[in-house]
Amino acid sequence: MVKVGDKVRFLNSVGGGIVRSIKGKIVSVEEEDGFEIPVLCNECVVIEPAAPQEEAALPPAEEKEEIPEKKEEPHPIEEKALDSSLLEKELREKEEPPHAPKQTSHKPSKEGPIEVDLHIYELVDSTTGLSHTDMLQLQLKAFRDTLEQYKEKKGQKIVFIHGKGAGVLRRAILEELQRKYKTYDHQDASFQEYGFGATQVTIR
């Protein structure tokens, strides 16, 4: 049993020192440089028990004062882990388009254009076994099918969300518009809403 005042060494890392306080399964160990670090009790080995007078000389108040330091140590680690996962999620959302278009895709709106998300994960459940060419053809098929569906609705605006990426899908869409749909107007969709990741087509 580790006690306040015991001299210990660490089992899983180099170092050790004097136990200054104990809170549950956590002990605060003061190393030679004067810094105190929190360590699990079962990760410490007593190499020199505390002298009775030394143990008695430590006032109980010191143990209480050390408790906030022991509790605060793990928090930055936990916060960093949380921040890391949040950052990863934010970066992923920046690279990919918002998921909102899923709800409005192919649904005519009196106040705005129809949104059609052409990202491959919106078109198929799994890309296993699909080459880049296969995926591009699936995306272009969804593009053509949408224009076919709304070809009778003159003046209808449709925003095709293709993302920035390498620009392959965007170029393929523009080629299709110039070759097969010359009468349709097209332009970059709202930069505020889609950045450079979408093209707006107006049925004519």
# chains A, B, ... in the order shown; residues from 1 in each chain; ligands from 1
$ residues_around --residues "stretch 17-21 of chain A" --least-positions-apart "5" --cutoff "7 Å" --atoms "only C-alpha atoms" --output "list in words"
Lys3, Val4, Gly5, Asp6, Lys7, Val8, Arg9, Val27, Ser28, Val29, Glu30, Glu31, Glu32, Glu63 and Glu66 of chain A
$ closest_residue --among "A:Leu40, A:Leu174, A:Ile114, A:Val168" --to "A:Ile203" --atoms "only C-alpha atoms"
A:Ile114
$ closest_residue --among "A:Glu148, A:Gly112, A:Pro49, A:Ala172" --to "A:Thr133" --atoms "only C-alpha atoms"
A:Ala172
$ closest_residue --among "A:Phe143, A:Phe10, A:Tyr194, A:Tyr181" --to "A:Ile120" --atoms "only C-alpha atoms"
A:Phe143
$ closest_residue --among "A:Val116, A:Ala166, A:Ala142, A:Leu136" --to "A:Thr199" --atoms "only C-alpha atoms"
A:Val116
$ closest_residue --among "A:Gln192, A:Gln156, A:Gln149, A:Gln200" --to "A:Asp117" --atoms "only C-alpha atoms"
A:Gln200
$ atom_distance --atom1 "atom CA of A:Leu11" --atom2 "atom CA of A:Ala50"
19.0 Å
$ atom_distance --atom1 "atom CA of A:Thr202" --atom2 "atom CA of A:Tyr184"
5.7 Å
$ closest_residue --among "A:Leu130, A:Gln178, A:Asp125, A:Glu115" --to "A:Ala198" --atoms "only C-alpha atoms"
A:Glu115
$ select_by_dssp --residues "stretch 101-172 of chain A" --states "helix (DSSP H, G or I)" --output "PyMOL selection string"
chain A and resi 101-104+120-123+132-149+168-172
$ atom_distance --atom1 "atom CA of A:Gly167" --atom2 "atom CA of A:His119"
12.4 Å
